[in-house]
>>> print(open('data-v9.txt').read())   # compact mmCIF, C-alpha atoms and all ligand atoms
# COMPACT_ATOMS: atom_id res chain seq x y z
CA MET A 187 -24.52 3.79 -22.80
CA LEU A 188 -24.51 2.02 -19.47
CA ALA A 189 -25.65 5.18 -17.73
CA LEU A 190 -28.86 5.23 -19.76
CA LEU A 191 -29.89 1.97 -18.13
CA TYR A 192 -29.86 3.66 -14.74
CA SER A 193 -32.53 5.84 -13.25
CA THR A 194 -31.95 8.21 -10.35
CA ASP A 195 -34.17 5.92 -8.22
CA ASN A 196 -31.32 3.44 -7.98
CA PHE A 197 -29.27 5.79 -5.85
CA GLY A 198 -31.60 6.51 -2.92
CA THR A 199 -30.94 9.88 -1.33
CA MET A 200 -27.27 10.03 -2.30
CA TYR A 201 -27.92 11.87 -5.57
CA ASP A 202 -30.62 14.50 -5.13
CA PHE A 203 -28.84 17.24 -7.04
CA ILE A 204 -26.31 16.01 -9.60
CA PRO A 205 -28.87 14.35 -11.90
CA LYS A 206 -30.79 17.62 -12.22
CA GLU A 207 -27.92 20.08 -12.09
CA ASP A 208 -25.26 18.28 -14.09
CA PRO A 209 -26.63 15.37 -16.09
CA GLU A 210 -23.33 14.96 -17.97
CA VAL A 211 -21.33 14.29 -14.82
CA PHE A 212 -24.20 12.21 -13.43
CA ALA A 213 -24.20 9.97 -16.50
CA ALA A 214 -20.57 9.07 -15.85
CA ILE A 215 -21.15 8.53 -12.11
CA ALA A 216 -24.13 6.31 -12.90
CA GLY A 217 -22.06 4.32 -15.37
CA GLU A 218 -19.37 3.77 -12.76
CA GLU A 219 -21.93 2.79 -10.09
CA GLN A 220 -23.36 0.22 -12.48
CA ARG A 221 -19.93 -1.10 -13.42
CA GLN A 222 -19.10 -1.58 -9.75
CA ALA A 223 -22.45 -3.26 -8.98
CA GLU A 224 -22.41 -5.70 -11.90
CA GLY A 225 -18.72 -6.57 -12.01
CA LEU A 226 -16.26 -8.22 -9.67
CA GLU A 227 -13.47 -6.01 -8.34
CA LEU A 228 -10.20 -7.82 -7.91
CA ILE A 229 -7.75 -4.91 -7.90
CA PRO A 230 -6.14 -5.55 -4.50
CA SER A 231 -5.94 -1.84 -3.64
CA GLU A 232 -9.68 -1.24 -4.07
CA ASN A 233 -12.59 -1.73 -1.70
CA TYR A 234 -16.11 -0.43 -0.95
CA VAL A 235 -16.44 2.26 1.70
CA SER A 236 -19.51 2.35 3.93
CA GLY A 237 -22.38 4.77 3.43
CA ALA A 238 -21.19 6.63 6.55
CA VAL A 239 -17.75 7.21 4.99
CA LYS A 240 -19.42 8.41 1.77
CA GLU A 241 -21.65 10.82 3.68
CA ALA A 242 -18.65 12.34 5.46
CA MET A 243 -16.88 12.77 2.11
CA ALA A 244 -19.92 14.61 0.81
CA SER A 245 -20.36 16.76 3.95
CA SER A 246 -20.04 20.53 4.42
CA LEU A 247 -16.61 19.99 5.96
CA THR A 248 -15.30 20.36 2.42
CA ASN A 249 -16.04 24.09 2.79
CA LYS A 250 -13.64 24.60 5.68
CA TYR A 251 -10.00 25.72 5.75
CA SER A 252 -8.06 24.36 8.75
CA GLU A 253 -4.35 24.89 8.11
CA GLY A 254 -2.39 23.81 11.16
CA TYR A 255 -3.28 21.23 13.79
CA PRO A 256 -6.02 20.95 16.46
CA GLY A 257 -5.67 23.87 18.90
CA LYS A 258 -3.07 25.59 16.63
CA ARG A 259 -4.80 26.69 13.42
CA TYR A 260 -4.19 29.61 11.09
CA TYR A 261 -7.94 30.24 10.62
CA GLY A 262 -10.88 30.73 12.98
CA GLY A 263 -14.01 28.63 13.30
CA GLN A 264 -12.28 25.39 14.23
CA GLU A 265 -14.47 24.14 17.09
CA PHE A 266 -15.81 21.16 15.15
CA THR A 267 -12.88 20.49 12.84
CA ASP A 268 -10.65 20.19 15.91
CA GLN A 269 -13.04 17.64 17.41
CA ILE A 270 -12.99 15.64 14.19
CA GLU A 271 -9.24 15.64 13.72
CA ARG A 272 -8.66 14.67 17.38
CA LEU A 273 -11.08 11.77 17.01
CA ALA A 274 -9.31 10.57 13.87
CA ILE A 275 -5.89 10.82 15.58
CA GLU A 276 -6.99 8.93 18.71
CA ARG A 277 -8.66 6.16 16.71
CA ALA A 278 -5.65 5.78 14.40
CA LYS A 279 -3.33 5.48 17.41
CA GLN A 280 -5.56 2.85 19.00
CA LEU A 281 -5.90 0.88 15.76
CA PHE A 282 -2.16 0.57 15.15
CA ASN A 283 -0.83 0.76 18.70
CA ALA A 284 0.98 3.99 17.85
CA GLY A 285 2.15 6.84 20.07
CA PHE A 286 1.46 9.56 17.47
CA ALA A 287 -0.61 9.91 14.31
CA ASN A 288 -0.81 12.50 11.56
CA VAL A 289 -4.10 12.10 9.68
CA GLN A 290 -3.62 14.95 7.20
CA PRO A 291 -1.71 13.36 4.26
CA LEU A 292 -3.97 13.57 1.22
CA GLY A 293 -2.85 10.19 -0.06
CA GLY A 294 -0.29 7.44 0.34
CA ALA A 295 2.27 9.15 -1.90
CA ASN A 296 2.04 12.35 0.19
CA ALA A 297 2.46 10.31 3.36
CA ASN A 298 5.66 8.78 2.01
CA ILE A 299 7.04 12.09 0.74
CA ALA A 300 6.33 13.80 4.08
CA ALA A 301 7.95 10.89 5.95
CA TYR A 302 11.09 11.23 3.81
CA PHE A 303 11.16 14.98 4.48
CA ALA A 304 10.89 14.27 8.21
CA LEU A 305 13.70 11.71 8.18
CA LEU A 306 16.15 12.76 5.49
CA GLU A 307 18.25 15.57 4.04
CA PRO A 308 18.68 15.81 0.26
CA GLY A 309 21.30 13.29 -0.87
CA ASP A 310 20.65 10.86 2.00
CA THR A 311 20.40 7.14 1.31
CA VAL A 312 17.28 5.00 1.76
CA LEU A 313 17.21 1.23 1.45
CA GLY A 314 13.98 0.19 -0.27
CA MET A 315 12.46 -2.92 -1.73
CA ASP A 316 13.28 -3.55 -5.38
CA LEU A 317 10.41 -2.21 -7.44
CA SER A 318 10.29 -5.32 -9.62
CA HIS A 319 10.11 -7.40 -6.43
CA GLY A 320 7.03 -5.59 -5.17
CA GLY A 321 8.12 -2.10 -4.01
CA HIS A 322 6.07 1.01 -4.87
CA LEU A 323 6.85 3.93 -7.21
CA THR A 324 7.22 6.23 -4.19
CA HIS A 325 9.99 3.98 -2.90
CA GLY A 326 12.35 5.70 -5.29
CA HIS A 327 11.42 4.80 -8.86
CA PRO A 328 13.64 6.79 -11.23
CA VAL A 329 10.56 8.49 -12.78
CA THR A 330 9.74 10.22 -9.46
CA TYR A 331 11.21 13.48 -8.18
CA LEU A 332 12.04 11.62 -4.98
CA ALA A 333 14.72 9.72 -6.87
CA LYS A 334 16.34 13.07 -7.76
CA LEU A 335 16.34 14.20 -4.13
CA PHE A 336 17.38 11.05 -2.28
CA ARG A 337 19.58 8.06 -3.05
CA PHE A 338 17.57 4.83 -3.13
CA VAL A 339 19.40 1.52 -2.87
CA ARG A 340 17.52 -1.75 -3.42
CA TYR A 341 16.99 -5.08 -1.75
CA GLY A 342 14.81 -7.94 -2.92
CA MET A 343 13.82 -11.58 -2.70
CA LYS A 344 16.41 -14.31 -2.39
CA ASP A 345 14.06 -16.86 -3.88
CA ILE A 346 11.20 -15.78 -6.15
CA GLU A 347 9.53 -19.18 -5.76
CA THR A 348 9.11 -18.80 -1.96
CA GLY A 349 9.22 -15.02 -1.65
CA GLU A 350 11.90 -15.12 1.04
CA ILE A 351 13.71 -11.80 1.32
CA ASP A 352 17.49 -11.91 1.18
CA TYR A 353 18.01 -10.63 4.73
CA ASP A 354 21.77 -11.36 4.67
CA ALA A 355 22.19 -9.25 1.54
CA LEU A 356 20.00 -6.56 3.12
CA ALA A 357 22.23 -6.47 6.23
CA GLU A 358 25.40 -6.33 4.11
CA THR A 359 23.98 -3.52 1.95
CA ALA A 360 22.94 -1.59 5.07
CA ARG A 361 26.42 -1.88 6.57
CA ARG A 362 28.02 -0.77 3.30
CA GLU A 363 25.59 2.03 2.29
CA LYS A 364 24.85 3.47 5.78
CA PRO A 365 21.24 4.50 4.97
CA LYS A 366 19.33 7.01 7.10
CA ALA A 367 16.18 4.93 6.66
CA VAL A 368 15.41 1.31 5.87
CA LEU A 369 12.03 1.16 4.18
CA ALA A 370 9.99 -2.03 4.16
CA GLY A 371 6.73 -2.18 2.31
CA PHE A 372 5.23 -3.12 -1.00
CA SER A 373 2.34 -3.00 -3.41
CA ALA A 374 2.93 -6.36 -5.07
CA TYR A 375 4.37 -8.85 -2.59
CA PRO A 376 2.23 -11.72 -1.29
CA ARG A 377 4.13 -12.89 1.80
CA GLN A 378 4.76 -11.50 5.32
CA LEU A 379 8.00 -9.66 5.95
CA ASP A 380 10.21 -10.50 8.93
CA TRP A 381 9.74 -7.11 10.57
CA GLN A 382 12.04 -8.02 13.46
CA LYS A 383 15.00 -8.79 11.17
CA ILE A 384 14.51 -5.59 9.19
CA ALA A 385 14.17 -3.41 12.32
CA ASP A 386 17.32 -4.98 13.79
CA ILE A 387 19.28 -4.32 10.60
CA ALA A 388 18.09 -0.70 10.46
CA HIS A 389 18.93 -0.03 14.10
CA GLU A 390 22.34 -1.71 13.85
CA VAL A 391 23.40 0.91 11.29
CA GLY A 392 21.64 3.79 13.07
CA ALA A 393 18.83 4.07 10.52
CA VAL A 394 15.14 4.64 11.11
CA ALA A 395 13.00 1.56 10.45
CA MET A 396 10.12 2.75 8.26
CA ALA A 397 7.26 0.55 7.03
CA ASP A 398 4.89 1.47 4.21
CA VAL A 399 1.92 -0.76 5.05
CA ALA A 400 -0.47 0.83 2.54
CA HIS A 401 -1.56 -2.53 1.16
CA ILE A 402 -1.86 -4.49 4.37
CA ALA A 403 -2.97 -1.82 6.87
CA GLY A 404 -6.43 -3.36 7.16
CA LEU A 405 -4.94 -6.79 7.75
CA ILE A 406 -2.70 -5.37 10.49
CA ALA A 407 -5.58 -3.42 12.06
CA GLY A 408 -7.71 -6.58 11.96
CA GLY A 409 -4.98 -8.75 13.46
CA ALA A 410 -4.53 -10.95 10.36
CA GLN A 411 -0.95 -9.73 9.78
CA ARG A 412 1.83 -8.76 12.17
CA ASN A 413 2.19 -5.10 13.20
CA PRO A 414 5.69 -3.68 12.46
CA PHE A 415 5.46 -1.57 15.65
CA ASP A 416 5.46 -4.80 17.70
CA TYR A 417 8.92 -5.52 16.25
CA GLY A 418 10.53 -2.16 16.87
CA PHE A 419 9.68 -0.20 13.71
CA ASP A 420 9.85 3.55 14.32
CA LEU A 421 7.47 4.94 11.72
CA MET A 422 4.70 3.68 9.47
CA THR A 423 2.98 5.22 6.48
CA THR A 424 -0.20 3.93 4.95
CA THR A 425 -3.13 4.72 2.76
CA THR A 426 -6.52 4.78 4.46
CA HIS A 427 -8.26 3.10 1.52
CA LYS A 428 -7.30 -0.38 0.25
CA THR A 429 -7.67 -3.11 2.91
CA LEU A 430 -8.38 -0.49 5.61
CA ARG A 431 -11.61 0.31 3.71
CA GLY A 432 -11.66 4.04 4.41
CA PRO A 433 -11.69 7.07 2.12
CA ARG A 434 -8.84 7.64 -0.30
CA GLY A 435 -6.14 9.21 1.87
CA GLY A 436 -2.87 8.86 3.78
CA LEU A 437 -1.75 8.44 7.38
CA ILE A 438 1.60 8.60 9.17
CA LEU A 439 2.13 6.83 12.49
CA VAL A 440 5.06 7.11 14.88
CA ARG A 441 5.61 4.39 17.49
CA GLY A 442 6.92 6.47 20.39
CA ASP A 443 9.55 9.07 19.47
CA GLU A 444 7.95 12.46 20.16
CA ASP A 445 10.70 14.42 18.36
CA LEU A 446 10.16 12.30 15.26
CA ALA A 447 6.40 12.88 15.51
CA LYS A 448 6.99 16.65 15.65
CA LYS A 449 9.19 16.44 12.55
CA VAL A 450 6.45 14.48 10.78
CA ASP A 451 3.84 17.14 11.62
CA LYS A 452 6.11 19.90 10.29
CA ALA A 453 6.89 17.88 7.16
CA VAL A 454 3.19 17.38 6.36
CA PHE A 455 2.25 21.00 7.09
CA PRO A 456 3.72 23.44 6.21
CA GLY A 457 6.44 21.32 4.57
CA LEU A 458 4.41 19.59 1.91
CA GLN A 459 0.69 20.35 1.99
CA GLY A 460 -1.64 23.28 2.52
CA GLY A 461 -5.04 23.02 4.21
CA PRO A 462 -6.10 19.55 5.31
CA HIS A 463 -9.21 18.08 3.70
CA MET A 464 -11.48 17.97 6.72
CA HIS A 465 -14.25 16.02 4.98
CA GLN A 466 -11.68 13.35 4.24
CA ILE A 467 -10.41 13.42 7.84
CA ALA A 468 -13.98 12.95 9.15
CA ALA A 469 -14.34 10.00 6.78
CA LYS A 470 -11.02 8.61 8.06
CA ALA A 471 -12.27 8.89 11.66
CA ILE A 472 -15.41 6.95 10.73
CA ALA A 473 -13.45 4.27 8.87
CA PHE A 474 -11.01 3.88 11.78
CA GLY A 475 -14.02 3.49 14.08
CA GLU A 476 -15.39 0.77 11.79
CA ALA A 477 -12.01 -0.99 11.77
CA LEU A 478 -11.98 -0.98 15.59
CA ARG A 479 -15.15 -3.12 15.65
CA PRO A 480 -14.72 -6.86 16.36
CA SER A 481 -16.30 -7.69 12.98
CA PHE A 482 -13.30 -6.10 11.23
CA LYS A 483 -11.11 -8.88 12.63
CA THR A 484 -13.36 -11.45 10.99
CA TYR A 485 -13.20 -9.45 7.76
CA ALA A 486 -9.39 -9.26 7.77
CA GLN A 487 -8.99 -13.01 8.32
CA GLN A 488 -11.57 -13.77 5.62
CA VAL A 489 -9.62 -11.59 3.15
CA VAL A 490 -6.55 -13.79 3.70
CA ASP A 491 -8.51 -17.08 3.63
CA ASN A 492 -10.21 -16.01 0.40
CA ALA A 493 -6.90 -15.07 -1.24
CA ARG A 494 -5.48 -18.50 -0.34
CA ALA A 495 -8.55 -20.20 -1.84
CA MET A 496 -8.02 -18.32 -5.12
CA ALA A 497 -4.29 -19.05 -5.12
CA ASP A 498 -5.00 -22.79 -4.70
CA VAL A 499 -7.17 -22.88 -7.81
CA PHE A 500 -4.45 -21.26 -9.90
CA LYS A 501 -1.79 -23.56 -8.48
CA GLU A 502 -3.90 -26.64 -9.18
CA GLY A 503 -4.24 -25.39 -12.76
CA GLY A 504 -0.45 -25.31 -13.06
CA VAL A 505 -0.07 -21.51 -12.97
CA ARG A 506 3.18 -20.25 -11.46
CA LEU A 507 2.53 -17.88 -8.57
CA ILE A 508 5.22 -15.47 -7.47
CA ALA A 509 6.40 -16.44 -3.96
CA GLY A 510 4.51 -19.72 -4.42
CA GLY A 511 1.19 -18.47 -3.01
CA THR A 512 -0.03 -15.84 -0.60
CA ASP A 513 -0.14 -14.92 3.10
CA ASN A 514 -2.03 -11.68 2.56
CA HIS A 515 -4.74 -10.27 0.30
CA LEU A 516 -3.00 -10.45 -3.06
CA ILE A 517 -1.75 -12.91 -5.64
CA LEU A 518 0.75 -12.40 -8.44
CA ALA A 519 0.46 -14.92 -11.25
CA ASP A 520 2.87 -15.49 -14.12
CA VAL A 521 0.18 -15.96 -16.77
CA PHE A 522 2.58 -15.51 -19.68
CA GLY A 523 5.04 -18.13 -18.45
CA SER A 524 2.28 -20.57 -17.48
CA LEU A 525 -0.51 -20.05 -20.03
CA GLY A 526 1.15 -18.07 -22.85
CA VAL A 527 -1.24 -15.12 -22.26
CA THR A 528 0.42 -11.75 -21.63
CA GLY A 529 -0.60 -9.64 -18.62
CA ALA A 530 -2.23 -7.04 -20.90
CA GLU A 531 -4.24 -9.66 -22.80
CA ALA A 532 -5.31 -11.30 -19.51
CA GLU A 533 -6.46 -7.92 -18.14
CA ARG A 534 -8.43 -7.22 -21.36
CA ARG A 535 -10.07 -10.64 -21.50
CA LEU A 536 -11.11 -10.54 -17.86
CA ASP A 537 -12.39 -6.98 -18.27
CA GLU A 538 -14.66 -8.35 -20.99
CA VAL A 539 -16.32 -10.74 -18.52
CA GLY A 540 -16.63 -8.10 -15.78
CA ILE A 541 -13.62 -9.10 -13.66
CA THR A 542 -11.34 -6.13 -13.01
CA LEU A 543 -7.69 -6.60 -12.10
CA ASN A 544 -4.37 -5.27 -13.30
CA LYS A 545 -1.50 -6.47 -15.41
CA ASN A 546 1.69 -6.47 -13.37
CA MET A 547 5.40 -6.98 -13.78
CA ILE A 548 6.58 -10.14 -12.05
CA ALA A 549 9.97 -10.33 -10.32
CA ASP A 550 12.78 -10.05 -12.89
CA ASP A 551 10.18 -9.85 -15.66
CA PRO A 552 11.64 -10.28 -19.16
CA ARG A 553 8.67 -8.31 -20.62
CA LYS A 554 7.79 -4.59 -20.61
CA PRO A 555 5.62 -2.74 -17.98
CA MET A 556 2.78 -2.04 -20.47
CA ASP A 557 2.59 -5.71 -21.42
CA PRO A 558 4.22 -7.68 -18.64
CA SER A 559 4.13 -11.40 -17.82
CA GLY A 560 1.86 -11.19 -14.82
CA ILE A 561 -1.45 -10.22 -13.34
CA ARG A 562 -2.05 -9.01 -9.78
CA PHE A 563 -5.36 -9.60 -8.07
CA GLY A 564 -6.78 -9.77 -4.56
CA THR A 565 -9.76 -10.22 -2.31
CA PRO A 566 -10.44 -7.09 -0.15
CA ALA A 567 -13.40 -5.91 -2.26
CA LEU A 568 -14.97 -9.34 -2.84
CA THR A 569 -14.71 -10.06 0.88
CA SER A 570 -16.49 -6.79 1.72
CA ARG A 571 -19.30 -8.02 -0.52
CA GLY A 572 -19.62 -11.18 1.57
CA PHE A 573 -17.70 -13.62 -0.64
CA LYS A 574 -16.37 -16.65 1.22
CA LYS A 575 -13.74 -19.21 0.18
CA GLU A 576 -16.07 -21.30 -2.03
CA GLU A 577 -17.27 -18.31 -4.05
CA CYS A 578 -13.72 -16.96 -4.38
CA ALA A 579 -12.60 -20.36 -5.68
CA GLN A 580 -15.48 -20.19 -8.15
CA VAL A 581 -14.28 -16.76 -9.35
CA ALA A 582 -10.74 -18.10 -9.69
CA SER A 583 -12.02 -21.04 -11.77
CA LEU A 584 -13.89 -18.66 -14.07
CA MET A 585 -10.72 -16.57 -14.47
CA PHE A 586 -8.66 -19.67 -15.19
CA GLN A 587 -11.14 -20.86 -17.87
CA VAL A 588 -11.14 -17.47 -19.59
CA LEU A 589 -7.34 -17.30 -19.55
CA LYS A 590 -7.02 -20.83 -20.93
CA THR A 591 -9.58 -20.45 -23.68
CA PRO A 592 -11.18 -17.26 -25.04
CA ALA A 593 -14.22 -19.37 -26.01
CA ALA A 594 -15.16 -19.41 -22.31
CA ILE A 595 -15.75 -15.63 -22.29
CA GLY A 596 -19.47 -15.69 -23.15
CA GLU A 597 -20.49 -18.10 -20.42
CA ALA A 598 -18.16 -16.51 -17.84
CA ARG A 599 -19.71 -13.08 -18.42
CA GLY A 600 -23.14 -14.36 -17.36
CA ALA A 601 -21.72 -16.20 -14.35
CA VAL A 602 -19.83 -13.10 -13.16
CA ARG A 603 -22.94 -10.93 -13.42
CA THR A 604 -25.01 -13.48 -11.48
CA LEU A 605 -22.40 -13.70 -8.73
CA ALA A 606 -22.08 -9.91 -8.53
CA LEU A 607 -25.82 -9.28 -8.33
CA ALA A 608 -26.17 -11.95 -5.64
CA HIS A 609 -23.71 -9.94 -3.51
CA PRO A 610 -24.81 -6.29 -3.48
CA ILE A 611 -22.26 -3.68 -2.47
CA PRO A 612 -22.83 -3.12 1.29
CA GLU A 613 -24.10 0.17 2.66
CA SER A 614 -22.82 -0.49 6.16
CA TYR A 615 -20.59 -2.89 8.03
CA GLU A 616 -21.78 -4.26 11.38
C1 LIG B 701 2.80 0.62 -0.91
C2 LIG B 701 2.12 1.86 -1.42
N1 LIG B 701 2.52 3.06 -0.97
C3 LIG B 701 1.97 4.20 -1.41
C4 LIG B 701 0.95 4.19 -2.34
C5 LIG B 701 0.43 5.49 -2.85
O1 LIG B 701 -0.87 5.75 -2.43
P1 LIG B 701 -1.78 6.87 -3.16
O2 LIG B 701 -2.21 6.27 -4.45
O3 LIG B 701 -2.90 7.09 -2.19
O4 LIG B 701 -0.93 8.08 -3.34
C6 LIG B 701 0.48 2.97 -2.82
C7 LIG B 701 -0.61 2.97 -3.80
O5 LIG B 701 -0.83 2.10 -4.56
C8 LIG B 701 1.10 1.77 -2.36
O6 LIG B 701 0.71 0.58 -2.81
>>> encode(input="data-v9.txt", output="structure tokens")
Amino acid sequence: MLALLYSTDNFGTMYDFIPKEDPEVFAAIAGEEQRQAEGLELIPSENYVSGAVKEAMASSLTNKYSEGYPGKRYYGGQEFTDQIERLAIERAKQLFNAGFANVQPLGGANANIAAYFALLEPGDTVLGMDLSHGGHLTHGHPVTYLAKLFRFVRYGMKDIETGEIDYDALAETARREKPKAVLAGFSAYPRQLDWQKIADIAHEVGAVAMADVAHIAGLIAGGAQRNPFDYGFDLMTTTTHKTLRGPRGGLILVRGDEDLAKKVDKAVFPGLQGGPHMHQIAAKAIAFGEALRPSFKTYAQQVVDNARAMADVFKEGGVRLIAGGTDNHLILADVFGSLGVTGAEAERRLDEVGITLNKNMIADDPRKPMDPSGIRFGTPALTSRGFKKEECAQVASLMFQVLKTPAAIGEARGAVRTLALAHPIPESYE
């Protein structure tokens, strides 16, 4: 229905062909464009790419096969694809202060799988963050094939109220389990990790220190969070979307060990993937270029300031926040424990007013994943739209009202739409 409200005029030159050639697909795209324009996106892993990134994704590079690496391909006609991949590699290295970069992983999961293949033999042990304390599925959740191949042992927070990691327990576990890799990274943890302590523990037991910075890569690139490489980490994986604001994709970085970098390249291709998606790699190069601009630093700091402003509103309302607040772009709130609203009900109610976020397990959650105690939300997308602290606090107040009383839904819906339309989705970032 939404799509019917939209005319092709709304999309400028981006959609010359789909409306005429495939109206069915266009109707769904139009609906999604309208949903994004009129709603507020609070899923902390989402963002709005620039028009330049979108153009690269839609470019003729999608036609090209480029198996291999620049200068060493299995197909001809690589003059321009080589230029593009080299640009992406150089910019990625500069952005993260890395010695080596592989820009071919199709997504964050692929980047992690390839990194494991580069570092481990089947049966080897990896120390990873407890999934209920913020770790990601690809850090060894039993439902993944990775958990069948490798042995994942967990560490977590010592104190859920402050978010402090139990570094003593981590060191003891490392000495006992002798892992080949110690993995630090998360998709639902709002504090900064002590990279130095983790790297020291890994190196003491002869393990590789690996960080999965998918969620905070943009904050690291923008200088708003510490870079694990500055504390001795050996390898980093990340997505290129989320806070980094590039196309959906993956990236593997190696600090300085050339042998490890060679193993990573082999693990990505031919170990795991086939031909790289060159349109995606061009879009990555553009996004990395955007993140190298001084304005990206301002953006990254604003993401953190905005998240703190939202956290304060929830805290003032008496809502328990996991780790007591946030140092990054995301917030985890125990809405069931604090307001008696389950995570699923909170997600549904907020969806109704045009605020999109996700239900989330909280640490040691007594409830089930499909209807957990918590919600997870964050500020990367709102900040890209120009929201500052005051407006983020206003959004948090609207959320709080809707969670406290369903009667607030009607009024909140109008307020959300007004806020969204006052902040159009940007086409470019200075
Ligand atoms: C920490 C972390 N690693 C890896 C991934 C996987 O990324 P992708 O969805 O691109 O495969 C995610 C995605 O949410 C993540 O949060």
>>> closest_residue(input="data-v9.txt", among="A:Asn296, A:Thr565, A:Asn249, A:Asn413", to="ligand LIG 701 (chain B)", atoms="all atoms listed in the file")
A:Asn296
>>> residues_around(input="data-v9.txt", residues="A:Tyr341", least_positions_apart="5", cutoff="7 Å", atoms="only C-alpha atoms", output="PyMOL selection string")
chain A and resi 314-316+356
>>> closest_residue(input="data-v9.txt", among="A:Pro610, A:Met200, A:Arg221, A:Gly435", to="A:Asp537", atoms="only C-alpha atoms")
A:Arg221
>>> closest_residue(input="data-v9.txt", among="A:Thr542, A:Ser231, A:Gln587, A:Gln378", to="A:Thr429", atoms="only C-alpha atoms")
A:Ser231
>>> closest_residue(input="data-v9.txt", among="A:Leu379, A:Val399, A:Val312, A:Leu437", to="ligand LIG 701 (chain B)", atoms="all atoms listed in the file")
A:Val399
